[in-house]
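Engineer: Before I ask anything, here is the structure I am working with.
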Amino acid sequence: MSKKQKMVEAITPRDEDFTRWYTDICMRAELCSYSTVRGCVILRPYGYAIWELITGELDRRFKKTGHENVMMPLFIPESLLQKEKDHVEGFAPEVAWVTHGGDEELTERLCVRPTSETLFCDHYAEVIESWRDLPKLYNQWVSVVRWEKTTRPFLRTREFFWQEGHTAHATKEEAMEETLMILNLYEEFYQTALAIPVLSGEKSESEKFAGAVNTYTIEAMMHDGKALQAGTSHYFGNGFAKAFNIQYADRDNRLQYVHQTSWGVSSRSIGGIIMVHGDDDGLVLPPAVAPIQIVIIPIAQHKEGVLDEACRLKEAVKEAGFRVKLDDSDRMPGWKFAEYEMKGVPIRLELGPRDIAQGSCVVVTRDNREKTVVQLENIIEELPGMLNDLNKRMFENANKRLTSRIYDVSDWNEFVQTMDEKPGFIRAPWCKDPDCEAKVKDITKATSRLIEGAADKSHSCIVCNRPALQMVIWGRAY
């Protein structure tokens with residue numbers, strides 16, 4: 001048995017045990033390690049490098065749309081958190097509290113931020129005075145703490161990384177425009193940079209963010225058919241502004257309350273990449289967020305001239321702007337192939353004496369393992385197209401899987417049976433009654449993922465058979 005076979009077998013097959021397969025990839029691709037702090041993980045260099053590239057892609061988009069980065073404190077005084085009733089009730093079960101500073105008991109408990117709405121609101125009340133101060137388009141990159149009972153690397157951990165945008169606007173119209181613009185930005189990011197197709201829409205009243213007037217979401221489908229809430233954008237109205245007295249003098253010198261938004265994408269996006277694109281050999285990374293886009297494997301590197309030519313190739317690829325690695329270690333080529341397949345490197349270049357003699361190298365693409373012989377003099381020109389084609393194939397394959405697993409159902413018994421037997425999403429009508437929504441969750445463990453739009457007048461609610469008002473995507477979720 002070869003070393004390559006042994007490495008591949010180190011991953012539990014995806015269709016045998018999806019949960020174990022996922023954890024195997026997280027650990028064996030060296031994305032993270034478990035921490036002695038229960039419910040938390042350590043991001044290892046390779047995992048953090050992916051997150052760094054994700055943040056870079058998003059941050060570029062935010063700045064292009066006029067947003068600025070800030071940094072709020074880690075701690076929130078309890079009195080500040082209590083100012084917005086719905087918000088604090090929504091987060092109360094997940095809050096971690098600091099009660100002592102050194103040996104002294106604090107006179108007021110401090111919350112370790114689960115999210116930073118209250119801190120931004122407190123700041124905005126200080127710095128916003130007139131219409132000239134608006135809009136405030138702020139974002140921060142931080143970690144937050146939520147005391148999850150059941151944890152899994154990247155998907156749910158007690159501390160996780162994210163960005164949270166918080167903006168203040170003069171009018172409802174401006175704030176709603178911001179909310180939907182960010183939703184579209186997230187959708188574009190997922191579908192181009194991560195090659196993950198998503199559905200977008202509004203959340204139901206029971207599923208919206210605590211304290212929001214409207215919550216909009218992008219939902220991705222994992223390989224096992226479960227949903228992953230990939231990003232959310234919220235319109236707050238002026239509820240927080242009234243609780244925190246965030247007012248501005250308008251052009252007529254009349255005091256008005258600001259209208260606010262909040263939005264975020266987290267490190268669970270790494271979990272999404274794994275579960276949408278990964279296979280039984282490990283990660284398959286989209287080029288935009290691959291720490292190593294191209295790996296060069298010298299064949300028979302002990303032979304004269306092989307390493308010299310491999311080094312020249314590496315420098316040429318690096319100069320062209322690609323993230324490249326030359327593995328000139330003493331490991332066997334088969335081990336190296338398996339190692340970089342495990343790590344999801346999009347393109348592998350194989351270069352041996354025969355290739356050098358022919359002035360070529362072998363190009364292997366990670367998603368389909370196709371081998372192509374390319375002349376060395378043309379490789380720099382060919383690589384961008386190959387990476388783009390790989391990204392396109394990844395998206396198309398994932399999109400085909402998504403669309404083929406959305407089932408249109410109009411009968412309750414069929415709904416229950418489909419949810420049990422066909423992993424995926426169900427499109428079904430709903431009357432907007434929270435009791436019907438609760439029944440779906442209680443019996444099938446599925447939730448309303450998003451509202452697609454108004455239901456046709458001929459449709460009846462999937463649960464109660466009364467006239468339906470909305471068409472909803474339902475699914476079980478992480």
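Ordered as shown in the structure tokens, chains take letters A, B, and onward, while each chain numbers its residues from 1 and ligands are numbered from 1 in the order shown.
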So that I can check the surroundings of Ala195 (chain A), please list as a PyMOL selection string every protein, DNA and RNA residue that reaches within 12 Å of it, counting only C-alpha atoms and ignoring chain neighbours fewer than 2 positions away.

Structural biologist: chain A and resi 187-193+197-198+220+269+272-274+276-277+284-289+387-399

Engineer: So that I have them on file, write out the residues from the current selection with N, CA and C atoms, as a JSON list (two decimals), in the first residue's frame.

Structural biologist:
```
[["chain", "number", "residue", "atom", "x", "y", "z"],
["A", 187, "GLU", "N", -23.87, 37.97, -1.32],
["A", 187, "GLU", "CA", -24.22, 36.97, -2.33],
["A", 187, "GLU", "C", -23.14, 36.91, -3.41],
["A", 188, "GLU", "N", -22.71, 38.08, -3.89],
["A", 188, "GLU", "CA", -21.67, 38.13, -4.91],
["A", 188, "GLU", "C", -20.36, 37.53, -4.39],
["A", 189, "PHE", "N", -20.00, 37.85, -3.15],
["A", 189, "PHE", "CA", -18.78, 37.32, -2.56],
["A", 189, "PHE", "C", -18.80, 35.80, -2.49],
["A", 190, "TYR", "N", -19.88, 35.24, -1.97],
["A", 190, "TYR", "CA", -19.97, 33.79, -1.85],
["A", 190, "TYR", "C", -19.91, 33.11, -3.21],
["A", 191, "GLN", "N", -20.60, 33.69, -4.19],
["A", 191, "GLN", "CA", -20.71, 33.00, -5.46],
["A", 191, "GLN", "C", -19.49, 33.17, -6.35],
["A", 192, "THR", "N", -18.73, 34.24, -6.18],
["A", 192, "THR", "CA", -17.53, 34.43, -7.00],
["A", 192, "THR", "C", -16.26, 34.02, -6.26],
["A", 193, "ALA", "N", -16.04, 34.55, -5.05],
["A", 193, "ALA", "CA", -14.80, 34.25, -4.33],
["A", 193, "ALA", "C", -14.79, 32.84, -3.74],
["A", 197, "PRO", "N", -22.95, 28.65, -4.37],
["A", 197, "PRO", "CA", -24.24, 29.25, -4.70],
["A", 197, "PRO", "C", -25.07, 29.45, -3.44],
["A", 198, "VAL", "N", -25.83, 30.53, -3.40],
["A", 198, "VAL", "CA", -26.67, 30.81, -2.23],
["A", 198, "VAL", "C", -28.05, 31.26, -2.68],
["A", 220, "ALA", "N", -26.78, 28.74, 2.17],
["A", 220, "ALA", "CA", -26.07, 27.80, 1.31],
["A", 220, "ALA", "C", -26.45, 26.38, 1.68],
["A", 269, "SER", "N", -17.81, 30.49, 7.41],
["A", 269, "SER", "CA", -17.66, 30.39, 5.96],
["A", 269, "SER", "C", -16.61, 29.35, 5.58],
["A", 272, "GLY", "N", -18.33, 26.18, 5.53],
["A", 272, "GLY", "CA", -19.10, 26.08, 4.30],
["A", 272, "GLY", "C", -18.26, 25.64, 3.12],
["A", 273, "ILE", "N", -17.05, 26.18, 3.01],
["A", 273, "ILE", "CA", -16.15, 25.77, 1.92],
["A", 273, "ILE", "C", -15.87, 24.27, 2.00],
["A", 274, "ILE", "N", -15.59, 23.80, 3.21],
["A", 274, "ILE", "CA", -15.30, 22.36, 3.39],
["A", 274, "ILE", "C", -16.50, 21.53, 2.96],
["A", 276, "VAL", "N", -19.23, 22.20, 1.17],
["A", 276, "VAL", "CA", -19.76, 22.33, -0.19],
["A", 276, "VAL", "C", -18.80, 21.70, -1.20],
["A", 277, "HIS", "N", -17.50, 21.96, -1.05],
["A", 277, "HIS", "CA", -16.55, 21.57, -2.10],
["A", 277, "HIS", "C", -15.68, 20.35, -1.76],
["A", 284, "VAL", "N", -11.15, 21.10, -1.15],
["A", 284, "VAL", "CA", -11.03, 21.61, -2.50],
["A", 284, "VAL", "C", -11.26, 23.11, -2.37],
["A", 285, "LEU", "N", -10.21, 23.90, -2.51],
["A", 285, "LEU", "CA", -10.31, 25.33, -2.21],
["A", 285, "LEU", "C", -10.52, 26.17, -3.47],
["A", 286, "PRO", "N", -11.43, 27.13, -3.40],
["A", 286, "PRO", "CA", -11.55, 28.10, -4.49],
["A", 286, "PRO", "C", -10.26, 28.92, -4.57],
["A", 287, "PRO", "N", -9.78, 29.23, -5.77],
["A", 287, "PRO", "CA", -8.49, 29.92, -5.92],
["A", 287, "PRO", "C", -8.38, 31.22, -5.13],
["A", 288, "ALA", "N", -9.48, 31.98, -5.01],
["A", 288, "ALA", "CA", -9.42, 33.29, -4.35],
["A", 288, "ALA", "C", -9.02, 33.19, -2.89],
["A", 289, "VAL", "N", -9.32, 32.07, -2.23],
["A", 289, "VAL", "CA", -9.03, 31.95, -0.79],
["A", 289, "VAL", "C", -8.09, 30.78, -0.49],
["A", 387, "LEU", "N", -7.23, 28.52, -13.54],
["A", 387, "LEU", "CA", -7.81, 28.81, -12.22],
["A", 387, "LEU", "C", -9.26, 29.30, -12.36],
["A", 388, "ASN", "N", -9.50, 30.15, -13.34],
["A", 388, "ASN", "CA", -10.86, 30.64, -13.56],
["A", 388, "ASN", "C", -11.80, 29.51, -13.95],
["A", 389, "ASP", "N", -11.33, 28.61, -14.81],
["A", 389, "ASP", "CA", -12.16, 27.47, -15.22],
["A", 389, "ASP", "C", -12.45, 26.56, -14.04],
["A", 390, "LEU", "N", -11.45, 26.33, -13.20],
["A", 390, "LEU", "CA", -11.64, 25.51, -12.01],
["A", 390, "LEU", "C", -12.70, 26.13, -11.10],
["A", 391, "ASN", "N", -12.60, 27.45, -10.87],
["A", 391, "ASN", "CA", -13.57, 28.14, -10.02],
["A", 391, "ASN", "C", -14.98, 28.03, -10.61],
["A", 392, "LYS", "N", -15.06, 28.17, -11.92],
["A", 392, "LYS", "CA", -16.36, 28.08, -12.60],
["A", 392, "LYS", "C", -16.95, 26.68, -12.45],
["A", 393, "ARG", "N", -16.12, 25.66, -12.62],
["A", 393, "ARG", "CA", -16.60, 24.27, -12.47],
["A", 393, "ARG", "C", -17.08, 24.01, -11.05],
["A", 394, "MET", "N", -16.34, 24.52, -10.07],
["A", 394, "MET", "CA", -16.72, 24.33, -8.68],
["A", 394, "MET", "C", -18.10, 24.94, -8.41],
["A", 395, "PHE", "N", -18.30, 26.16, -8.91],
["A", 395, "PHE", "CA", -19.60, 26.81, -8.70],
["A", 395, "PHE", "C", -20.71, 26.06, -9.43],
["A", 396, "GLU", "N", -20.47, 25.68, -10.68],
["A", 396, "GLU", "CA", -21.50, 25.00, -11.46],
["A", 396, "GLU", "C", -21.89, 23.66, -10.84],
["A", 397, "ASN", "N", -20.91, 22.91, -10.34],
["A", 397, "ASN", "CA", -21.21, 21.63, -9.70],
["A", 397, "ASN", "C", -22.03, 21.82, -8.43],
["A", 398, "ALA", "N", -21.64, 22.82, -7.63],
["A", 398, "ALA", "CA", -22.38, 23.09, -6.40],
["A", 398, "ALA", "C", -23.78, 23.60, -6.71],
["A", 399, "ASN", "N", -23.89, 24.43, -7.74],
["A", 399, "ASN", "CA", -25.20, 24.99, -8.10],
["A", 399, "ASN", "C", -26.14, 23.91, -8.63]]
```

Engineer: Quick one: everything within 8 Å of region 156-163 of chain A, counting only C-alpha atoms, minus sequence neighbours fewer than 2 positions away in the same chain. Send it as an MDAnalysis selection string.

Structural biologist: chainID A and resid 39:41 139:148 150:154 165 264:268

Engineer: Could you check which of A:Glu178, A:Met27, A:Tyr340, A:Glu370 is closest to Phe62 (chain A), using only C-alpha atoms?

Structural biologist: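 Checking each candidate against Phe62 (chain A), we get A:Glu178 as the closest.
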
Engineer: I need the residues of region 218-455 of chain A that end up classed as helix (DSSP H, G or I) by DSSP on the backbone, written out as a ChimeraX atom specification.

Structural biologist: /A:239-244,268-277,287-289,306-319,333-342,353-357,376-404,412-421,434-444

Engineer: Name all residues at most 8 Å from Thr99 (chain A) (count only C-alpha atoms; drop same-chain ones fewer than 2 positions away) and give them as a ChimeraX atom specification.

Structural biologist: /A:97,101,105-106,108-110

Engineer: Extract, using only C-alpha atoms, all DNA, RNA and protein residues at most 10 Å from Ile182 (chain A), discarding same-chain residues fewer than 5 positions from it, and format them as a PyMOL selection string.

Structural biologist: chain A and resi 61-62+65+165+176-177+187-188+216+231-234+261-264

Engineer: Using only C-alpha atoms, find the one residue out of A:Asp281, A:Glu202, A:Glu382, A:Glu315 that sits nearest to Ile296 (chain A).

Structural biologist: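 Comparing A:Asp281, A:Glu202, A:Glu382, A:Glu315 against Ile296 (chain A), the winner is A:Glu315.
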
Engineer: Taking only C-alpha atoms into account, which of A:Tyr478, A:Ser204, A:Val306, A:Met332 comes nearest Pro434 (chain A)?

Structural biologist: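 Under the stated criterion, the closest residue is A:Ser204.
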
Engineer: Compare A:Met275, A:Lys63, A:Ala175, A:Leu194 by their minimum atom-to-atom distance to Gly237 (chain A), counting only C-alpha atoms, and give me the closest one.

Structural biologist: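 Checking each candidate against Gly237 (chain A), we get A:Ala175 as the closest.
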